[in-house]
$ cat target_36.txt   # compact mmCIF, C-alpha atoms and all ligand atoms
# COMPACT_ATOMS: atom_id res chain seq x y z
CA MET D 92 26.95 8.55 -34.79
CA ALA D 93 26.15 7.82 -38.41
CA ALA D 94 26.89 4.19 -37.87
CA LEU D 95 24.59 4.10 -34.88
CA ALA D 96 21.83 5.68 -36.90
CA THR D 97 22.18 3.02 -39.54
CA THR D 98 21.97 0.32 -36.92
CA ALA D 99 18.90 1.85 -35.40
CA SER D 100 17.05 2.22 -38.66
CA ALA D 101 17.89 -1.33 -39.59
CA GLN D 102 16.41 -2.57 -36.34
CA THR D 103 13.12 -0.82 -36.44
CA ARG D 104 10.96 1.54 -38.35
CA TYR D 105 10.55 3.90 -35.45
CA THR D 106 11.84 7.17 -36.75
CA THR D 107 10.73 9.64 -34.12
CA VAL D 108 11.41 10.05 -30.43
CA VAL D 109 8.95 12.05 -28.36
CA ILE D 110 10.83 13.32 -25.33
CA ASP D 111 8.71 14.22 -22.33
CA PRO D 112 10.50 16.28 -19.69
CA GLY D 113 8.54 15.66 -16.50
CA HIS D 114 6.60 18.43 -14.77
CA GLY D 115 7.08 22.13 -15.57
CA GLY D 116 5.60 25.51 -14.72
CA PHE D 117 3.79 25.51 -11.40
CA ASP D 118 4.38 21.80 -11.13
CA ARG D 119 7.91 21.57 -9.78
CA GLY D 120 7.84 17.82 -9.38
CA GLY D 121 9.24 15.99 -6.40
CA ILE D 122 7.96 16.41 -2.89
CA PRO D 123 6.96 19.55 -0.98
CA GLY D 124 9.96 21.53 0.15
CA GLN D 125 12.35 19.75 -2.17
CA ARG D 126 15.40 21.91 -2.68
CA VAL D 127 16.39 20.83 -6.19
CA PRO D 128 13.42 21.31 -8.52
CA GLU D 129 12.75 18.22 -10.57
CA LYS D 130 11.19 20.16 -13.46
CA ILE D 131 14.48 21.98 -14.14
CA MET D 132 16.51 18.79 -14.13
CA THR D 133 14.16 16.86 -16.37
CA LEU D 134 14.11 19.67 -18.91
CA ASP D 135 17.87 20.04 -18.89
CA VAL D 136 18.50 16.35 -19.49
CA SER D 137 15.83 16.30 -22.19
CA LEU D 138 17.34 19.28 -24.00
CA ARG D 139 20.70 17.54 -23.91
CA LEU D 140 19.16 14.33 -25.21
CA LYS D 141 17.46 15.98 -28.17
CA PRO D 142 20.55 16.87 -30.27
CA LEU D 143 22.12 13.49 -29.56
CA LEU D 144 19.13 11.72 -31.06
CA GLU D 145 18.92 14.15 -33.96
CA LYS D 146 22.54 13.51 -34.77
CA ALA D 147 21.70 9.82 -34.83
CA GLY D 148 19.02 10.45 -37.42
CA TYR D 149 15.87 10.59 -35.34
CA ARG D 150 13.21 13.18 -35.59
CA VAL D 151 12.70 14.54 -32.08
CA VAL D 152 9.53 16.03 -30.68
CA MET D 153 9.48 17.64 -27.24
CA THR D 154 6.32 17.80 -25.15
CA ARG D 155 7.81 20.95 -23.69
CA ASN D 156 11.07 22.78 -24.23
CA THR D 157 10.63 25.55 -21.71
CA ASP D 158 9.52 25.74 -18.11
CA VAL D 159 5.81 25.49 -18.76
CA PHE D 160 3.07 23.28 -17.44
CA VAL D 161 1.78 20.71 -19.90
CA PRO D 162 -1.15 18.53 -18.81
CA LEU D 163 -0.59 14.81 -18.90
CA GLY D 164 -3.40 14.35 -21.41
CA THR D 165 -1.65 16.75 -23.76
CA ARG D 166 1.62 14.92 -23.38
CA VAL D 167 -0.06 11.65 -24.25
CA ALA D 168 -1.89 13.23 -27.19
CA ILE D 169 1.37 14.55 -28.57
CA ALA D 170 2.96 11.12 -28.28
CA ASN D 171 0.03 9.35 -29.86
CA SER D 172 0.02 11.68 -32.83
CA TYR D 173 3.31 10.13 -33.97
CA PRO D 174 2.59 6.50 -34.81
CA ASN D 175 6.21 5.79 -35.73
CA ALA D 176 7.58 7.13 -32.50
CA ILE D 177 8.71 6.02 -29.12
CA PHE D 178 7.90 8.03 -26.01
CA VAL D 179 10.52 8.73 -23.37
CA CYS D 180 9.48 10.43 -20.12
CA VAL D 181 12.38 11.89 -18.16
CA HIS D 182 11.96 12.21 -14.40
CA PHE D 183 13.96 12.30 -11.22
CA ASN D 184 12.80 10.59 -8.10
CA SER D 185 12.08 11.87 -4.63
CA ALA D 186 11.26 10.47 -1.23
CA THR D 187 10.80 11.77 2.27
CA ARG D 188 13.55 9.42 3.35
CA SER D 189 16.81 10.98 2.18
CA GLY D 190 18.48 7.60 2.04
CA ALA D 191 16.25 6.41 -0.80
CA ASN D 192 18.43 6.17 -3.86
CA GLY D 193 18.98 4.61 -7.23
CA ILE D 194 17.70 4.55 -10.77
CA GLU D 195 14.53 2.89 -11.94
CA THR D 196 12.72 2.61 -15.23
CA TYR D 197 9.04 2.02 -15.83
CA PHE D 198 7.07 0.64 -18.74
CA TYR D 199 3.55 -0.60 -19.17
CA SER D 200 2.88 -2.23 -22.51
CA THR D 201 4.65 -5.38 -23.52
CA GLU D 202 6.06 -3.74 -26.59
CA SER D 203 7.71 -1.13 -24.38
CA ALA D 204 9.65 -3.66 -22.35
CA PRO D 205 12.69 -4.01 -24.62
CA LEU D 206 13.05 -0.26 -24.83
CA ALA D 207 12.80 0.09 -21.05
CA ALA D 208 15.38 -2.63 -20.51
CA SER D 209 17.78 -1.15 -23.02
CA ILE D 210 17.65 2.40 -21.69
CA HIS D 211 17.76 1.25 -18.10
CA SER D 212 20.83 -0.89 -18.50
CA SER D 213 22.54 1.90 -20.36
CA ILE D 214 21.83 4.49 -17.65
CA VAL D 215 22.70 2.15 -14.81
CA GLY D 216 25.92 1.20 -16.55
CA GLY D 217 26.92 4.84 -16.83
CA ALA D 218 25.89 6.09 -13.41
CA PRO D 219 27.38 5.48 -10.00
CA PHE D 220 23.88 4.92 -8.67
CA GLU D 221 22.12 1.87 -7.43
CA ASN D 222 20.04 -0.20 -9.82
CA ARG D 223 16.43 -0.26 -8.65
CA GLY D 224 15.36 -2.22 -11.65
CA VAL D 225 12.88 -2.08 -14.50
CA ARG D 226 9.28 -2.14 -13.35
CA ARG D 227 5.90 -2.47 -14.94
CA ARG D 228 3.44 0.14 -13.75
CA GLY D 229 0.20 1.59 -14.97
CA TYR D 230 1.18 5.23 -14.88
CA PHE D 231 -1.09 7.46 -16.90
CA VAL D 232 1.49 8.52 -19.47
CA LEU D 233 2.48 4.91 -19.98
CA ARG D 234 -0.88 3.25 -20.22
CA ARG D 235 -2.55 5.91 -22.32
CA THR D 236 0.14 6.00 -24.95
CA THR D 237 -0.32 3.76 -27.96
CA ILE D 238 3.36 3.79 -28.88
CA PRO D 239 6.23 2.20 -26.95
CA ALA D 240 6.64 4.32 -23.85
CA VAL D 241 9.03 4.40 -20.91
CA LEU D 242 9.40 6.55 -17.83
CA LEU D 243 12.89 7.06 -16.46
CA GLU D 244 13.62 7.94 -12.86
CA CYS D 245 17.17 9.18 -13.13
CA GLY D 246 18.05 9.18 -9.44
CA PHE D 247 16.69 10.77 -6.25
CA LEU D 248 16.95 14.52 -5.92
CA THR D 249 16.18 14.06 -2.24
CA ASN D 250 19.27 11.92 -1.82
CA PRO D 251 22.24 14.20 -1.06
CA ALA D 252 24.75 12.27 -3.15
CA GLU D 253 22.49 11.81 -6.14
CA ALA D 254 21.27 15.40 -5.99
CA GLN D 255 24.84 16.55 -6.04
CA TYR D 256 25.53 14.55 -9.18
CA ALA D 257 22.33 15.70 -10.80
CA GLN D 258 23.32 19.31 -10.32
CA THR D 259 26.45 18.96 -12.39
CA ASP D 260 26.41 19.59 -16.13
CA ALA D 261 28.71 16.64 -16.64
CA TYR D 262 26.37 14.16 -15.03
CA ARG D 263 23.29 15.42 -16.82
CA GLN D 264 25.17 15.24 -20.10
CA LYS D 265 26.24 11.70 -19.26
CA LEU D 266 22.65 10.79 -18.48
CA ALA D 267 21.51 12.16 -21.83
CA GLN D 268 24.22 10.18 -23.59
CA GLU D 269 23.25 6.98 -21.83
CA ILE D 270 19.57 7.47 -22.60
CA ALA D 271 20.46 8.05 -26.25
CA ARG D 272 22.64 4.96 -26.26
CA GLY D 273 19.84 2.93 -24.76
CA ILE D 274 17.43 4.10 -27.43
CA LEU D 275 19.88 3.36 -30.23
CA ASN D 276 20.83 -0.04 -28.89
CA ARG D 277 17.41 -1.32 -28.06
CA PRO D 278 16.45 -4.66 -29.52
CA ALA D 279 14.00 -4.63 -32.35
CA LEU D 280 10.52 -4.05 -31.07
CA ALA D 281 7.63 -6.31 -31.81
CA ALA D 282 5.68 -5.44 -34.89
CA ARG D 283 2.82 -3.13 -34.06
CA THR D 284 0.32 -5.34 -35.80
CA SER D 285 0.98 -8.26 -33.53
CA TYR D 286 0.31 -6.34 -30.41
CA THR D 287 -2.60 -4.53 -28.90
CA ASN D 288 -2.07 -2.18 -26.06
CA ARG D 289 -5.33 -3.18 -24.48
CA SER D 290 -4.79 -6.88 -24.14
CA SER D 291 -2.46 -6.77 -21.21
CA ARG D 292 -3.91 -3.99 -19.18
CA VAL D 293 -6.17 -6.03 -16.97
CA ASP D 294 -3.50 -7.49 -14.80
CA VAL D 295 -1.86 -4.29 -13.72
CA GLY D 296 -3.51 -2.36 -10.96
CA LEU D 297 -3.71 1.37 -11.00
CA GLN D 298 -1.18 3.14 -8.91
CA PRO D 299 -2.16 5.39 -6.04
CA PHE D 300 -1.95 9.01 -6.96
CA LEU D 301 1.14 10.76 -5.82
CA ASP D 302 2.95 12.54 -8.55
CA GLN D 303 1.95 14.30 -11.70
CA ARG D 304 2.50 11.09 -13.57
CA PHE D 305 0.49 9.10 -11.09
CA VAL D 306 -2.92 9.93 -12.38
CA ARG D 307 -5.93 7.98 -11.34
CA GLU D 308 -8.02 6.63 -14.09
CA SER D 309 -11.19 6.18 -12.14
CA GLY D 310 -13.68 8.95 -12.53
CA THR D 311 -13.84 11.37 -15.38
CA LYS D 312 -11.22 13.78 -14.16
CA HIS D 313 -7.56 13.14 -13.99
CA ARG D 314 -6.13 14.47 -10.86
CA ARG D 315 -3.04 16.40 -11.20
CA HIS D 316 -0.20 17.17 -8.94
CA ARG D 317 -1.28 18.55 -5.64
CA THR D 318 0.25 21.89 -4.90
CA SER D 319 3.21 21.64 -2.66
CA THR D 320 1.95 24.05 -0.05
CA LYS D 321 -1.35 22.37 0.48
CA LYS D 322 -2.01 19.87 3.17
CA LYS D 323 -2.86 16.59 1.63
CA SER D 324 -6.54 16.09 1.55
CA SER D 325 -7.60 12.94 3.23
CA SER D 326 -9.61 11.97 0.19
CA THR D 327 -6.48 11.68 -1.85
CA PRO D 328 -5.26 8.13 -1.75
CA LYS D 329 -1.69 8.76 -1.05
CA LYS D 330 -0.01 5.85 0.45
CA LYS D 331 3.58 6.77 -0.16
CA VAL D 332 4.59 4.99 -3.25
CA SER D 333 6.41 1.85 -2.44
CA SER D 334 8.90 2.20 -5.23
CA GLU D 335 10.27 5.37 -3.79
CA GLU D 336 10.29 4.36 -0.19
CA GLN D 337 11.28 0.78 0.03
ZN ZN P 1 8.62 13.33 -11.76

$ encode --input "target_36.txt" --output "structure tokens"
Amino acid sequence: MAALATTASAQTRYTTVVIDPGHGGFDRGGIPGQRVPEKIMTLDVSLRLKPLLEKAGYRVVMTRNTDVFVPLGTRVAIANSYPNAIFVCVHFNSATRSGANGIETYFYSTESAPLAASIHSSIVGGAPFENRGVRRRGYFVLRRTTIPAVLLECGFLTNPAEAQYAQTDAYRQKLAQEIARGILNRPALAARTSYTNRSSRVDVGLQPFLDQRFVRESGTKHRRHRTSTKKKSSSTPKKKVSSEEQ
């Protein structure tokens, strides 16, 4: 790993990785009635990822390292307080249709694209899952972060085959290794000075609210995850997200 660390530091001056395990506490993640809780899986993969990155020479900051709820704004604030960091949000996907499957990776800012591509190809290369591609989306945690940020959807917990994999230590360890590899192998990122996070935001529409990470930016409040037992209120725009259903 020492060699990898040298490579990484030669490529970029990013020295810190902020790992963001999705959901936590009362926010289980996923969809109502989902058997495998997303929050447990995201934390487990993240805790496996941490020592791998540390061994490679990175400083690692976790937005949570236990099963607690952390508001999205806090997660973003943590990320933004490390200017020499990259931000990696770990999630698993879910859909009402059990056949929905595969791995997808999201980014928003242009400077995040190489990181997203690198991690995505690494995960897809190491998993027996379908490749759903790298996508640009205006998720709250991606568009509010001022450092390179990616959101990984490491397979569908509502898909029987993928859920079965996700529940094995071996697969979660493999995922962590592939994420680490993707971070270490990423191409050099554009210099911060040549990029502004604001310049490209106009052309990406906001996503309909649906998950904790799908926070609407209109209005002063940021909606959070609806509770799983509640009926959806009709005022909540909740067209099922296309990325999970198509
Ligand atoms: Zn999630």

$ closest_residue --input "target_36.txt" --among "D:Asn276, D:Thr157, D:Thr201, D:Asn184" --to "ligand ZN 1 (chain P)" --atoms "only C-alpha atoms and all ligand atoms"
D:Asn184

$ closest_residue --input "target_36.txt" --among "D:Val225, D:Leu275, D:Ala176, D:Met153" --to "His211 of chain D" --atoms "all atoms listed in the file"
D:Val225

$ residues_near_ligand --input "target_36.txt" --ligand "ligand ZN 1 (chain P)" --cutoff "10 Å" --atoms "all atoms listed in the file" --output "short mmCIF file (atom, residue, chain, number, x, y, z; two decimals) with C-alpha atoms, in the coordinates of the input"
data_model
loop_
_atom_site.label_atom_id
_atom_site.label_comp_id
_atom_site.auth_asym_id
_atom_site.auth_seq_id
_atom_site.Cartn_x
_atom_site.Cartn_y
_atom_site.Cartn_z
CA PRO D 112 10.50 16.28 -19.69
CA GLY D 113 8.54 15.66 -16.50
CA HIS D 114 6.60 18.43 -14.77
CA GLY D 115 7.08 22.13 -15.57
CA ASP D 118 4.38 21.80 -11.13
CA ARG D 119 7.91 21.57 -9.78
CA GLY D 120 7.84 17.82 -9.38
CA GLY D 121 9.24 15.99 -6.40
CA ILE D 122 7.96 16.41 -2.89
CA PRO D 128 13.42 21.31 -8.52
CA GLU D 129 12.75 18.22 -10.57
CA LYS D 130 11.19 20.16 -13.46
CA MET D 132 16.51 18.79 -14.13
CA THR D 133 14.16 16.86 -16.37
CA CYS D 180 9.48 10.43 -20.12
CA VAL D 181 12.38 11.89 -18.16
CA HIS D 182 11.96 12.21 -14.40
CA PHE D 183 13.96 12.30 -11.22
CA ASN D 184 12.80 10.59 -8.10
CA SER D 185 12.08 11.87 -4.63
CA LEU D 242 9.40 6.55 -17.83
CA LEU D 243 12.89 7.06 -16.46
CA GLU D 244 13.62 7.94 -12.86
CA CYS D 245 17.17 9.18 -13.13
CA LEU D 301 1.14 10.76 -5.82
CA ASP D 302 2.95 12.54 -8.55
CA GLN D 303 1.95 14.30 -11.70
CA ARG D 304 2.50 11.09 -13.57
CA PHE D 305 0.49 9.10 -11.09
#

$ atom_distance --input "target_36.txt" --atom1 "atom CA of Ala208 of chain D" --atom2 "atom CA of Leu144 of chain D"
18.2 Å

$ atom_distance --input "target_36.txt" --atom1 "atom CA of Phe247 of chain D" --atom2 "atom CA of Gly224 of chain D"
14.1 Å

$ residues_around --input "target_36.txt" --residues "Ala271 of chain D" --least-positions-apart "6" --cutoff "12 Å" --atoms "all atoms listed in the file" --output "PyMOL selection string"
chain D and resi 92+95-96+99+108+110+136-149+151+179+206+209-214+217+264-265+277
